[in-house]
Amino acid sequence: MSRTAQVERTTSESSITVAIDLDGSGVSSISTSVGFYDHMLTALSRHSLIDMRIHATGDVHVDAHHVIEDTAIALGQALAIALGDKAGISRFGQALVPLDEALVLCAVDLSGRGYAESSGEPDAHAYALIGGTGTPYPGSMTAHVVSSLALNAGMCVHMRLLAGRDPHHIVEAQYKALARSLRMAVDLDPRVAGIPSTKGAL
């Protein structure tokens, strides 16, 4: 059974192509015109073991918001397609991930119902601009990414920052915690017969 998907999304603000393989080894090719986002999506791929090929362009001369959010929408849609009827999956995943002073707790349920809850970020984090030369990544965007992924993939995500000071460390720990949770949730469990739900559908 091939658990792969490709999604193309084009609007007046961005053009996105996403291809994924849930049964990969974390190999990625990422280009979004936002350097730090590329770094985070590479980490998401590596630590989830989901192969990802993502190419995105858009109006980064305005700011990074449209390209970041639209990429997350397309990635969520690709996850939904690749998961199919979700037969045999573990369904739930959770991770507690440290990165120096930052500590993030994330839990995922591939329930078919999109819901996202992100909490614990310090107020100042929303105004942080992360990255070197080029278009910066706003600290506020991680919550948008999580929400867009959740709503479009049909999954429930709870993410809580338990500790953190450096914006780079906070965001990287968030992406890695999401990655490890996804890795667990999408994994095929040989003991699971059919759909892992008492309703018989997800």
# chains A, B, ... in the order shown; residues from 1 in each chain; ligands from 1

call {"tool": "residues_around", "arguments": {"residues": "Pro122 of chain A", "least_positions_apart": "3", "cutoff": "10 Å", "atoms": "only C-alpha atoms", "output": "PyMOL selection string"}}
result
chain A and resi 119+125-126+161+163-165+167

call {"tool": "write_last_selection", "arguments": {"atoms": "N, CA, C and O atoms", "output": "PDB file, in the first residue's frame"}}
result
ATOM      1  N   SER A 119      -0.433  26.794  23.173  1.00  0.00           N
ATOM      2  CA  SER A 119      -0.413  27.655  24.345  1.00  0.00           C
ATOM      3  C   SER A 119       0.981  27.685  24.965  1.00  0.00           C
ATOM      4  O   SER A 119       1.847  26.877  24.642  1.00  0.00           O
ATOM      5  N   HIS A 125       6.958  36.611  22.193  1.00  0.00           N
ATOM      6  CA  HIS A 125       7.338  35.678  21.128  1.00  0.00           C
ATOM      7  C   HIS A 125       6.612  35.991  19.828  1.00  0.00           C
ATOM      8  O   HIS A 125       7.160  35.782  18.740  1.00  0.00           O
ATOM      9  N   ALA A 126       5.383  36.487  19.920  1.00  0.00           N
ATOM     10  CA  ALA A 126       4.598  36.793  18.723  1.00  0.00           C
ATOM     11  C   ALA A 126       5.263  37.847  17.858  1.00  0.00           C
ATOM     12  O   ALA A 126       5.026  37.908  16.647  1.00  0.00           O
ATOM     13  N   LEU A 161       4.022  25.003  25.095  1.00  0.00           N
ATOM     14  CA  LEU A 161       5.386  25.372  25.473  1.00  0.00           C
ATOM     15  C   LEU A 161       5.470  25.380  26.987  1.00  0.00           C
ATOM     16  O   LEU A 161       4.792  26.163  27.655  1.00  0.00           O
ATOM     17  N   ALA A 163       8.545  25.548  28.698  1.00  0.00           N
ATOM     18  CA  ALA A 163       9.643  26.433  29.090  1.00  0.00           C
ATOM     19  C   ALA A 163      10.321  26.921  27.822  1.00  0.00           C
ATOM     20  O   ALA A 163      10.326  26.231  26.808  1.00  0.00           O
ATOM     21  N   GLY A 164      10.882  28.114  27.876  1.00  0.00           N
ATOM     22  CA  GLY A 164      11.601  28.615  26.706  1.00  0.00           C
ATOM     23  C   GLY A 164      11.837  30.103  26.787  1.00  0.00           C
ATOM     24  O   GLY A 164      11.035  30.839  27.356  1.00  0.00           O
ATOM     25  N   ARG A 165      12.940  30.534  26.199  1.00  0.00           N
ATOM     26  CA  ARG A 165      13.300  31.942  26.194  1.00  0.00           C
ATOM     27  C   ARG A 165      13.723  32.397  24.803  1.00  0.00           C
ATOM     28  O   ARG A 165      13.233  33.387  24.289  1.00  0.00           O
ATOM     29  N   PRO A 167      13.669  32.619  20.935  1.00  0.00           N
ATOM     30  CA  PRO A 167      12.644  32.334  19.918  1.00  0.00           C
ATOM     31  C   PRO A 167      13.013  31.194  18.974  1.00  0.00           C
ATOM     32  O   PRO A 167      12.150  30.379  18.616  1.00  0.00           O
TER      33      PRO A 167
END

call {"tool": "residues_around", "arguments": {"residues": "Ile50 of chain A", "least_positions_apart": "6", "cutoff": "9 Å", "atoms": "only C-alpha atoms", "output": "list in words"}}
result
Ile20, Asp21, Leu22, Asp23, Gly24, Ser25, Gly26, Val27, Ser28, Leu44, Ala179, Leu182 and Arg183 of chain A

call {"tool": "write_last_selection", "arguments": {"atoms": "N, CA, C and O atoms", "output": "PDB file, in the first residue's frame"}}
result
ATOM      1  N   ILE A  20       4.614  14.036  -0.495  1.00  0.00           N
ATOM      2  CA  ILE A  20       5.060  13.359   0.723  1.00  0.00           C
ATOM      3  C   ILE A  20       4.946  11.848   0.586  1.00  0.00           C
ATOM      4  O   ILE A  20       4.177  11.334  -0.226  1.00  0.00           O
ATOM      5  N   ASP A  21       5.726  11.159   1.414  1.00  0.00           N
ATOM      6  CA  ASP A  21       5.669   9.704   1.546  1.00  0.00           C
ATOM      7  C   ASP A  21       5.707   9.396   3.039  1.00  0.00           C
ATOM      8  O   ASP A  21       6.733   9.623   3.699  1.00  0.00           O
ATOM      9  N   LEU A  22       4.590   8.910   3.577  1.00  0.00           N
ATOM     10  CA  LEU A  22       4.513   8.639   5.015  1.00  0.00           C
ATOM     11  C   LEU A  22       5.464   7.538   5.454  1.00  0.00           C
ATOM     12  O   LEU A  22       5.837   7.480   6.628  1.00  0.00           O
ATOM     13  N   ASP A  23       5.855   6.672   4.527  1.00  0.00           N
ATOM     14  CA  ASP A  23       6.710   5.542   4.868  1.00  0.00           C
ATOM     15  C   ASP A  23       8.139   5.757   4.390  1.00  0.00           C
ATOM     16  O   ASP A  23       8.822   4.820   3.969  1.00  0.00           O
ATOM     17  N   GLY A  24       8.578   7.000   4.466  1.00  0.00           N
ATOM     18  CA  GLY A  24       9.927   7.343   4.037  1.00  0.00           C
ATOM     19  C   GLY A  24      10.943   7.202   5.154  1.00  0.00           C
ATOM     20  O   GLY A  24      10.741   6.481   6.137  1.00  0.00           O
ATOM     21  N   SER A  25      12.022   7.946   5.012  1.00  0.00           N
ATOM     22  CA  SER A  25      13.097   7.913   6.000  1.00  0.00           C
ATOM     23  C   SER A  25      13.506   9.314   6.437  1.00  0.00           C
ATOM     24  O   SER A  25      14.575   9.507   7.002  1.00  0.00           O
ATOM     25  N   GLY A  26      12.647  10.299   6.145  1.00  0.00           N
ATOM     26  CA  GLY A  26      12.948  11.661   6.560  1.00  0.00           C
ATOM     27  C   GLY A  26      13.798  12.433   5.571  1.00  0.00           C
ATOM     28  O   GLY A  26      14.453  13.414   5.935  1.00  0.00           O
ATOM     29  N   VAL A  27      13.762  12.025   4.309  1.00  0.00           N
ATOM     30  CA  VAL A  27      14.492  12.734   3.257  1.00  0.00           C
ATOM     31  C   VAL A  27      13.643  13.902   2.766  1.00  0.00           C
ATOM     32  O   VAL A  27      12.428  13.751   2.568  1.00  0.00           O
ATOM     33  N   SER A  28      14.259  15.054   2.568  1.00  0.00           N
ATOM     34  CA  SER A  28      13.465  16.215   2.161  1.00  0.00           C
ATOM     35  C   SER A  28      14.196  17.096   1.165  1.00  0.00           C
ATOM     36  O   SER A  28      15.421  17.098   1.099  1.00  0.00           O
ATOM     37  N   LEU A  44      10.985  18.934  10.484  1.00  0.00           N
ATOM     38  CA  LEU A  44       9.714  18.209  10.547  1.00  0.00           C
ATOM     39  C   LEU A  44       9.799  16.903   9.766  1.00  0.00           C
ATOM     40  O   LEU A  44       9.344  15.847  10.237  1.00  0.00           O
ATOM     41  N   ALA A 179       6.762  16.799  14.938  1.00  0.00           N
ATOM     42  CA  ALA A 179       7.305  15.746  14.080  1.00  0.00           C
ATOM     43  C   ALA A 179       7.288  14.391  14.776  1.00  0.00           C
ATOM     44  O   ALA A 179       6.846  13.382  14.214  1.00  0.00           O
ATOM     45  N   LEU A 182       3.734  13.105  15.092  1.00  0.00           N
ATOM     46  CA  LEU A 182       3.243  12.594  13.811  1.00  0.00           C
ATOM     47  C   LEU A 182       3.871  11.243  13.477  1.00  0.00           C
ATOM     48  O   LEU A 182       3.189  10.338  12.970  1.00  0.00           O
ATOM     49  N   ARG A 183       5.150  11.127  13.746  1.00  0.00           N
ATOM     50  CA  ARG A 183       5.852   9.872  13.467  1.00  0.00           C
ATOM     51  C   ARG A 183       5.158   8.704  14.172  1.00  0.00           C
ATOM     52  O   ARG A 183       4.940   7.632  13.588  1.00  0.00           O
TER      53      ARG A 183
END

call {"tool": "closest_residue", "arguments": {"among": "A:Thr133, A:Thr4, A:Ser14, A:Ser148", "to": "Gly76 of chain A", "atoms": "only C-alpha atoms"}}
result
A:Ser148

call {"tool": "residues_around", "arguments": {"residues": "Val146 of chain A", "least_positions_apart": "3", "cutoff": "8 Å", "atoms": "only C-alpha atoms", "output": "list in words"}}
result
Ala72, Ala116, Ser118, Thr142, Ala143, Leu149, Ala150 and Val157 of chain A

call {"tool": "atom_distance", "arguments": {"atom1": "atom CA of Ala173 of chain A", "atom2": "atom CA of Asp189 of chain A"}}
result
26.5 Å

call {"tool": "select_by_dssp", "arguments": {"residues": "segment 25-89 of chain A", "states": "helix (DSSP H, G or I)", "output": "PyMOL selection string"}}
result
chain A and resi 35-48+65-83

call {"tool": "residues_around", "arguments": {"residues": "Gly132 of chain A", "least_positions_apart": "2", "cutoff": "12 Å", "atoms": "only C-alpha atoms", "output": "list in words"}}
result
Val34, Gly35, Phe36, Tyr37, His39, Leu129, Ile130, Gly134, Thr135, Pro136, Tyr137 and His168 of chain A

call {"tool": "atom_distance", "arguments": {"atom1": "atom CA of Thr71 of chain A", "atom2": "atom CA of Tyr115 of chain A"}}
result
18.0 Å

call {"tool": "residues_around", "arguments": {"residues": "Gly88 of chain A", "least_positions_apart": "3", "cutoff": "7 Å", "atoms": "only C-alpha atoms", "output": "list of chain:residue names"}}
result
A:Leu188, A:Asp189, A:Pro190, A:Val192, A:Ala193, A:Gly194, A:Ile195, A:Pro196

call {"tool": "write_last_selection", "arguments": {"atoms": "N, CA and C atoms", "output": "PDB file, in the first residue's frame"}}
result
ATOM      1  N   LEU A 188       2.240   2.442  11.149  1.00  0.00           N
ATOM      2  CA  LEU A 188       1.361   1.289  11.014  1.00  0.00           C
ATOM      3  C   LEU A 188       1.653   0.286  12.119  1.00  0.00           C
ATOM      4  N   ASP A 189       0.615  -0.093  12.842  1.00  0.00           N
ATOM      5  CA  ASP A 189       0.733  -1.044  13.941  1.00  0.00           C
ATOM      6  C   ASP A 189       0.180  -2.384  13.471  1.00  0.00           C
ATOM      7  N   PRO A 190       1.021  -3.428  13.393  1.00  0.00           N
ATOM      8  CA  PRO A 190       0.549  -4.716  12.864  1.00  0.00           C
ATOM      9  C   PRO A 190      -0.561  -5.342  13.700  1.00  0.00           C
ATOM     10  N   VAL A 192      -3.147  -3.654  14.825  1.00  0.00           N
ATOM     11  CA  VAL A 192      -4.396  -2.939  14.566  1.00  0.00           C
ATOM     12  C   VAL A 192      -5.075  -3.528  13.333  1.00  0.00           C
ATOM     13  N   ALA A 193      -6.271  -4.048  13.525  1.00  0.00           N
ATOM     14  CA  ALA A 193      -7.038  -4.608  12.405  1.00  0.00           C
ATOM     15  C   ALA A 193      -8.069  -3.564  11.965  1.00  0.00           C
ATOM     16  N   GLY A 194      -7.892  -3.035  10.770  1.00  0.00           N
ATOM     17  CA  GLY A 194      -8.845  -2.056  10.244  1.00  0.00           C
ATOM     18  C   GLY A 194      -8.656  -0.676  10.820  1.00  0.00           C
ATOM     19  N   ILE A 195      -9.761   0.050  10.966  1.00  0.00           N
ATOM     20  CA  ILE A 195      -9.751   1.439  11.411  1.00  0.00           C
ATOM     21  C   ILE A 195      -9.674   1.516  12.927  1.00  0.00           C
ATOM     22  N   PRO A 196      -8.714   2.247  13.496  1.00  0.00           N
ATOM     23  CA  PRO A 196      -8.594   2.312  14.953  1.00  0.00           C
ATOM     24  C   PRO A 196      -9.606   3.260  15.594  1.00  0.00           C
TER      25      PRO A 196
END

call {"tool": "residues_around", "arguments": {"residues": "segment 95-111 of chain A", "least_positions_apart": "5", "cutoff": "9 Å", "atoms": "only C-alpha atoms", "output": "ChimeraX atom specification"}}
result
/A:86,89-90,150,153-166,169-174,176-182,184-186,197,201-202

call {"tool": "residues_around", "arguments": {"residues": "Gln77 of chain A", "least_positions_apart": "4", "cutoff": "7 Å", "atoms": "only C-alpha atoms", "output": "ChimeraX atom specification"}}
result
/A:73,81,152-153

call {"tool": "write_last_selection", "arguments": {"atoms": "N, CA, C and O atoms", "output": "compact mmCIF listing (two decimals), in the first residue's frame"}}
result
# COMPACT_ATOMS: atom_id res chain seq x y z
N ILE A 73 -1.20 24.61 4.69
CA ILE A 73 -2.50 24.13 4.19
C ILE A 73 -2.29 22.98 3.21
O ILE A 73 -2.92 21.92 3.33
N ILE A 81 -4.64 12.98 2.31
CA ILE A 81 -4.70 12.08 1.16
C ILE A 81 -3.85 10.84 1.39
O ILE A 81 -4.28 9.70 1.14
N ASN A 152 -6.62 20.99 7.89
CA ASN A 152 -6.59 20.40 6.56
C ASN A 152 -6.24 18.92 6.55
O ASN A 152 -6.62 18.20 5.61
N ALA A 153 -5.56 18.45 7.57
CA ALA A 153 -5.26 17.02 7.67
C ALA A 153 -6.36 16.27 8.41
O ALA A 153 -6.41 15.04 8.36

call {"tool": "closest_residue", "arguments": {"among": "A:His144, A:Ala87, A:Glu13, A:Ala82", "to": "Asp63 of chain A", "atoms": "only C-alpha atoms"}}
result
A:Glu13

call {"tool": "closest_residue", "arguments": {"among": "A:Asp187, A:Asp38, A:Glu69, A:Glu121", "to": "His55 of chain A", "atoms": "only C-alpha atoms"}}
result
A:Asp38

call {"tool": "closest_residue", "arguments": {"among": "A:Thr57, A:Ser33, A:Thr42, A:Ser48", "to": "Ser12 of chain A", "atoms": "only C-alpha atoms"}}
result
A:Thr57

call {"tool": "atom_distance", "arguments": {"atom1": "atom CA of Lys199 of chain A", "atom2": "atom CA of Ala74 of chain A"}}
result
27.8 Å
